[in-house]
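Trainee: Quick one, work-v3.txt (compact mmCIF, C-alpha atoms):
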# COMPACT_ATOMS: atom_id res chain seq x y z
CA MET A 1 14.69 -135.53 93.01
CA ARG A 2 12.80 -132.26 93.32
CA LYS A 3 10.25 -132.31 96.13
CA GLU A 4 6.64 -131.70 95.10
CA PRO A 5 5.53 -128.30 96.41
CA LEU A 6 2.84 -128.19 99.06
CA SER A 7 -0.58 -127.00 97.88
CA ARG A 8 -4.17 -126.95 99.11
CA GLU A 9 -5.07 -129.68 96.62
CA ARG A 10 -2.21 -131.90 97.78
CA VAL A 11 -3.17 -131.46 101.44
CA LEU A 12 -6.81 -132.32 100.72
CA ALA A 13 -5.86 -135.36 98.63
CA ALA A 14 -3.79 -136.63 101.57
CA ALA A 15 -6.74 -136.01 103.92
CA VAL A 16 -9.06 -138.06 101.71
CA THR A 17 -6.54 -140.91 101.59
CA ILE A 18 -6.26 -140.92 105.38
CA ALA A 19 -10.05 -140.89 105.80
CA ASP A 20 -10.39 -143.81 103.37
CA THR A 21 -7.75 -145.80 105.23
CA ASP A 22 -8.37 -144.98 108.90
CA GLY A 23 -11.62 -143.03 109.09
CA LEU A 24 -12.44 -139.34 109.27
CA ALA A 25 -11.41 -139.08 112.93
CA ALA A 26 -7.81 -139.83 111.88
CA VAL A 27 -7.70 -136.72 109.66
CA THR A 28 -5.64 -134.21 111.62
CA MET A 29 -3.07 -131.61 110.65
CA ARG A 30 -0.41 -133.62 112.48
CA ARG A 31 -1.25 -136.83 110.62
CA ILE A 32 -1.42 -135.10 107.23
CA GLY A 33 1.91 -133.40 107.88
CA ALA A 34 3.50 -136.72 108.81
CA ASP A 35 2.15 -138.41 105.68
CA LEU A 36 3.37 -135.58 103.46
CA GLY A 37 6.71 -135.29 105.24
CA VAL A 38 6.21 -131.68 106.31
CA GLU A 39 5.66 -129.81 109.55
CA ALA A 40 2.01 -129.64 110.54
CA MET A 41 2.26 -125.87 110.97
CA SER A 42 3.08 -125.45 107.28
CA LEU A 43 -0.39 -126.76 106.41
CA TYR A 44 -2.01 -123.70 107.97
CA HIS A 45 -0.76 -121.61 105.04
CA HIS A 46 -3.25 -123.54 102.90
CA LEU A 47 -6.06 -124.36 105.33
CA ARG A 48 -6.76 -122.25 108.41
CA GLY A 49 -7.58 -124.97 110.93
CA LYS A 50 -9.68 -128.11 111.29
CA ASP A 51 -12.98 -126.60 110.11
CA ALA A 52 -11.37 -125.28 106.94
CA LEU A 53 -9.76 -128.66 106.43
CA LEU A 54 -13.05 -130.55 106.72
CA ASP A 55 -14.83 -128.01 104.51
CA GLY A 56 -12.12 -128.59 101.94
CA VAL A 57 -12.48 -132.37 102.18
CA ALA A 58 -16.24 -131.95 101.66
CA GLU A 59 -15.57 -129.83 98.56
CA THR A 60 -13.19 -132.50 97.25
CA LEU A 61 -15.79 -135.19 97.81
CA VAL A 62 -18.51 -133.18 96.04
CA ALA A 63 -16.15 -132.54 93.12
CA GLU A 64 -15.69 -136.31 92.76
CA VAL A 65 -19.47 -136.76 92.81
CA LEU A 66 -19.90 -134.09 90.13
CA ASP A 67 -17.32 -135.80 87.93
CA ALA A 68 -19.08 -139.16 88.33
CA VAL A 69 -22.61 -137.86 87.68
CA GLY A 70 -21.38 -135.84 84.71
CA ARG A 71 -20.44 -139.09 82.99
CA ALA A 72 -23.80 -140.76 83.70
CA GLY A 73 -26.18 -140.67 80.75
CA GLY A 74 -29.73 -141.77 80.03
CA ALA A 75 -32.37 -141.72 77.32
CA ASP A 76 -34.91 -139.64 79.29
CA TRP A 77 -35.22 -137.62 82.50
CA ARG A 78 -35.83 -140.68 84.65
CA ALA A 79 -32.93 -142.71 83.29
CA ARG A 80 -30.59 -139.71 83.54
CA LEU A 81 -31.47 -138.98 87.17
CA ARG A 82 -31.37 -142.63 88.16
CA GLY A 83 -27.95 -143.01 86.54
CA ARG A 84 -26.61 -139.90 88.26
CA PHE A 85 -27.85 -140.88 91.70
CA LEU A 86 -26.40 -144.38 91.41
CA ALA A 87 -23.10 -142.94 90.13
CA ALA A 88 -23.00 -140.68 93.19
CA ARG A 89 -23.62 -143.72 95.36
CA GLU A 90 -20.54 -145.43 93.93
CA VAL A 91 -18.50 -142.44 95.08
CA MET A 92 -19.96 -142.66 98.58
CA LEU A 93 -19.21 -146.38 98.72
CA ARG A 94 -15.57 -145.55 97.98
CA HIS A 95 -15.69 -142.95 100.77
CA PRO A 96 -18.14 -144.29 103.40
CA TRP A 97 -17.26 -141.42 105.74
CA GLY A 98 -18.74 -139.01 103.16
CA PRO A 99 -22.38 -138.92 104.28
CA GLY A 100 -21.41 -138.19 107.88
CA LEU A 101 -19.05 -135.42 106.80
CA LEU A 102 -21.57 -133.72 104.51
CA ASN A 103 -24.24 -133.88 107.22
CA SER A 104 -21.89 -132.27 109.73
CA ARG A 105 -20.83 -129.21 107.75
CA GLN A 106 -22.54 -125.85 108.28
CA SER A 107 -21.55 -124.56 104.85
CA VAL A 108 -22.68 -126.28 101.65
CA PRO A 109 -20.04 -126.71 98.92
CA PHE A 110 -21.10 -124.62 95.92
CA GLY A 111 -20.85 -127.70 93.73
CA VAL A 112 -23.94 -129.08 95.47
CA TYR A 113 -25.96 -126.10 94.24
CA THR A 114 -24.76 -126.51 90.66
CA TYR A 115 -25.62 -130.21 90.81
CA TYR A 116 -29.14 -129.63 92.11
CA ASP A 117 -29.59 -126.88 89.53
CA ALA A 118 -28.77 -129.45 86.83
CA ILE A 119 -31.30 -131.85 88.38
CA LEU A 120 -33.95 -129.13 88.18
CA GLY A 121 -33.01 -128.52 84.57
CA THR A 122 -33.41 -132.21 83.77
CA LEU A 123 -36.84 -132.29 85.38
CA VAL A 124 -38.06 -129.13 83.62
CA GLU A 125 -36.77 -130.40 80.27
CA GLY A 126 -38.62 -133.63 81.01
CA GLY A 127 -41.96 -131.82 81.26
CA PHE A 128 -42.13 -130.91 84.96
CA THR A 129 -43.28 -127.52 86.19
CA TYR A 130 -40.97 -125.72 88.61
CA ARG A 131 -43.60 -126.30 91.30
CA LEU A 132 -43.54 -130.07 90.86
CA ALA A 133 -39.76 -130.10 90.37
CA HIS A 134 -39.42 -128.26 93.68
CA ARG A 135 -41.39 -130.99 95.41
CA ALA A 136 -39.29 -133.61 93.66
CA LEU A 137 -36.13 -132.14 95.20
CA HIS A 138 -37.68 -132.45 98.65
CA ALA A 139 -38.66 -136.04 97.90
CA PHE A 140 -35.16 -136.90 96.70
CA GLY A 141 -33.51 -135.48 99.80
CA SER A 142 -29.86 -136.58 99.88
CA MET A 143 -30.33 -139.36 97.30
CA PRO A 144 -28.75 -137.29 94.49
CA LEU A 145 -25.56 -137.40 96.58
CA GLY A 146 -25.74 -141.18 96.82
CA PHE A 147 -27.09 -141.87 100.28
CA VAL A 148 -30.23 -141.65 102.39
CA GLN A 149 -30.58 -140.08 105.80
CA GLU A 150 -32.10 -142.59 108.17
CA VAL A 151 -34.34 -141.73 111.10
CA PHE A 152 -32.43 -144.24 113.21
CA ASN A 153 -28.67 -144.69 113.35
CA ALA A 154 -28.37 -148.00 115.12
CA GLN A 155 -25.01 -149.19 116.35
CA ALA A 156 -23.60 -152.69 116.48
CA GLY A 157 -25.67 -154.93 118.72
CA ALA A 158 -28.95 -153.23 117.85
CA ASP A 159 -30.58 -156.61 117.15
CA ASP A 160 -29.78 -157.75 120.68
CA ASP A 161 -31.09 -154.48 122.14
CA LEU A 162 -34.40 -154.90 120.29
CA SER A 163 -34.81 -158.54 121.28
CA ALA A 164 -34.56 -157.48 124.92
CA VAL A 165 -37.66 -155.30 124.51
CA ALA A 166 -39.50 -157.42 121.94
CA ASP A 167 -42.70 -157.31 123.97
CA VAL A 168 -42.74 -153.49 123.79
CA LEU A 169 -41.55 -153.18 120.18
CA PRO A 170 -42.97 -156.28 118.48
CA HIS A 171 -43.15 -154.89 114.95
CA LEU A 172 -39.67 -153.36 114.90
CA THR A 173 -38.26 -156.58 116.34
CA ALA A 174 -40.01 -158.70 113.71
CA MET A 175 -38.88 -156.42 110.90
CA VAL A 176 -35.24 -156.42 111.96
CA ALA A 177 -35.31 -160.20 112.39
CA GLY A 178 -36.68 -160.65 108.88
CA GLU A 179 -34.49 -158.10 107.10
CA THR A 180 -30.91 -159.34 106.99
CA HIS A 181 -29.47 -157.32 104.09
CA GLU A 182 -26.05 -155.79 104.58
CA ALA A 183 -25.97 -152.06 105.28
CA GLU A 184 -23.44 -150.05 103.28
CA LEU A 185 -23.76 -146.41 104.30
CA GLY A 186 -25.64 -146.56 107.59
CA TRP A 187 -28.35 -148.70 109.16
CA CYS A 188 -30.68 -149.95 106.41
CA ASP A 189 -28.85 -147.94 103.75
CA SER A 190 -28.14 -150.78 101.34
CA ARG A 191 -28.24 -150.85 97.55
CA VAL A 192 -31.55 -152.71 97.77
CA GLU A 193 -33.16 -150.04 99.97
CA PHE A 194 -31.63 -147.18 97.99
CA GLU A 195 -32.93 -148.43 94.63
CA PHE A 196 -36.34 -149.32 96.10
CA THR A 197 -36.80 -145.79 97.48
CA LEU A 198 -35.43 -144.14 94.35
CA ASP A 199 -37.72 -146.09 92.02
CA LEU A 200 -40.70 -145.44 94.28
CA VAL A 201 -40.09 -141.68 94.09
CA LEU A 202 -39.46 -141.75 90.34
CA ASP A 203 -42.64 -143.78 89.73
CA GLY A 204 -44.66 -141.27 91.73
CA LEU A 205 -43.16 -138.32 89.89
CA GLU A 206 -43.92 -139.94 86.55
CA ARG A 207 -47.59 -140.26 87.49
CA LEU A 208 -47.75 -136.65 88.68
CA ARG A 209 -45.99 -135.39 85.54
CA ALA A 210 -48.55 -137.12 83.37
Re-express the file's structure as structure tokens.
Mentor:
Amino acid sequence: MRKEPLSRERVLAAAVTIADTDGLAAVTMRRIGADLGVEAMSLYHHLRGKDALLDGVAETLVAEVLDAVGRAGGADWRARLRGRFLAAREVMLRHPWGPGLLNSRQSVPFGVYTYYDAILGTLVEGGFTYRLAHRALHAFGSMPLGFVQEVFNAQAGADDDLSAVADVLPHLTAMVAGETHEAELGWCDSRVEFEFTLDLVLDGLERLRA
């Protein structure tokens, strides 16, 4: 059987598979080489080191988001954007390491710009001025990519930590005790919270557009 030739795309696909299985920290040239049955040094012909590798993984992830949002339809601007953002979220749920990776990269994959340009186009076609559409992008933040950036990034055991200082932080303690939904992409980043925030922003934009 003829061996499949090594390529940048094949290396990045292997990296994504490793990240999905064992987490982003497991993505190394040595591990990829072992999984592909090649010497790790041969990978450097396609990706010049760890930063280039992670940038490539980010590009691969964004390409998957673009494919998903491109298939999301809707009758009007609101339905189209809501469908796209939720489609992007499904991608991030398949790759829960994605938000952390995108937040860590210094360079932005060009696909992100084309996606946000399409969002602007949808807003303008829906009756928004560029001024209001600009503010909408700020309000959306990272939601078009399927996740929200939380102020806090609590680790396991956060409930116990808060209960120990309940007298100093009574409202935070009460909130955490009352909110028991399961986080998906970070502390308090659940489908319930994502859709609540998204609909709140879309409702506000609809009122401003009118």
Trainee: For A:Ile18, please output as a PyMOL selection string all residues within 12 Å (counting only C-alpha atoms; exclusion window: fewer than 2 positions along the same chain).
Mentor: chain A and resi 11-16+20-36+57+95+97
Trainee: Taking into account all atoms listed in the file, which residue in the set A:Phe147, A:Ala166, A:Ala72, A:Leu61 is nearest to A:Leu198?
Mentor: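 Of the candidates, the smallest distance to A:Leu198 is held by A:Phe147.
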Trainee: Which is closest to A:Leu200 among A:Arg71, A:Arg105, A:Arg82, A:Arg94, if we use all atoms listed in the file?
Mentor: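 Residue with the minimum atom-to-atom distance to A:Leu200: A:Arg82.
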Trainee: So that I can check the surroundings of stretch 121-138 of chain A, please list as a PDB file with C-alpha atoms, in the frame of the given file every protein, DNA and RNA residue that reaches within 10 Å of it, counting only C-alpha atoms and ignoring chain neighbours fewer than 5 positions away.
Mentor:
ATOM      1  CA  ASP A  76     -34.910-139.640  79.290  1.00  0.00           C
ATOM      2  CA  TRP A  77     -35.220-137.620  82.500  1.00  0.00           C
ATOM      3  CA  ARG A  78     -35.830-140.680  84.650  1.00  0.00           C
ATOM      4  CA  ARG A  80     -30.590-139.710  83.540  1.00  0.00           C
ATOM      5  CA  LEU A  81     -31.470-138.980  87.170  1.00  0.00           C
ATOM      6  CA  TYR A 115     -25.620-130.210  90.810  1.00  0.00           C
ATOM      7  CA  TYR A 116     -29.140-129.630  92.110  1.00  0.00           C
ATOM      8  CA  MET A 143     -30.330-139.360  97.300  1.00  0.00           C
ATOM      9  CA  PRO A 144     -28.750-137.290  94.490  1.00  0.00           C
ATOM     10  CA  VAL A 201     -40.090-141.680  94.090  1.00  0.00           C
ATOM     11  CA  LEU A 202     -39.460-141.750  90.340  1.00  0.00           C
ATOM     12  CA  GLY A 204     -44.660-141.270  91.730  1.00  0.00           C
ATOM     13  CA  LEU A 205     -43.160-138.320  89.890  1.00  0.00           C
ATOM     14  CA  GLU A 206     -43.920-139.940  86.550  1.00  0.00           C
ATOM     15  CA  LEU A 208     -47.750-136.650  88.680  1.00  0.00           C
ATOM     16  CA  ARG A 209     -45.990-135.390  85.540  1.00  0.00           C
ATOM     17  CA  ALA A 210     -48.550-137.120  83.370  1.00  0.00           C
TER      18      ALA A 210
END
Trainee: Can you list, as a PyMOL selection string, every protein, DNA or RNA residue that comes within 9 Å of A:Glu64 when you count all atoms listed in the file, leaving out same-chain residues fewer than 5 positions away?
Mentor: chain A and resi 59+69+88+91
Trainee: So the first atom is atom CA of A:Val65 and the second is atom CA of A:Asp51; what is the distance between them in Å, to one decimal place?
Mentor: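 It comes out at 21.1 Å.
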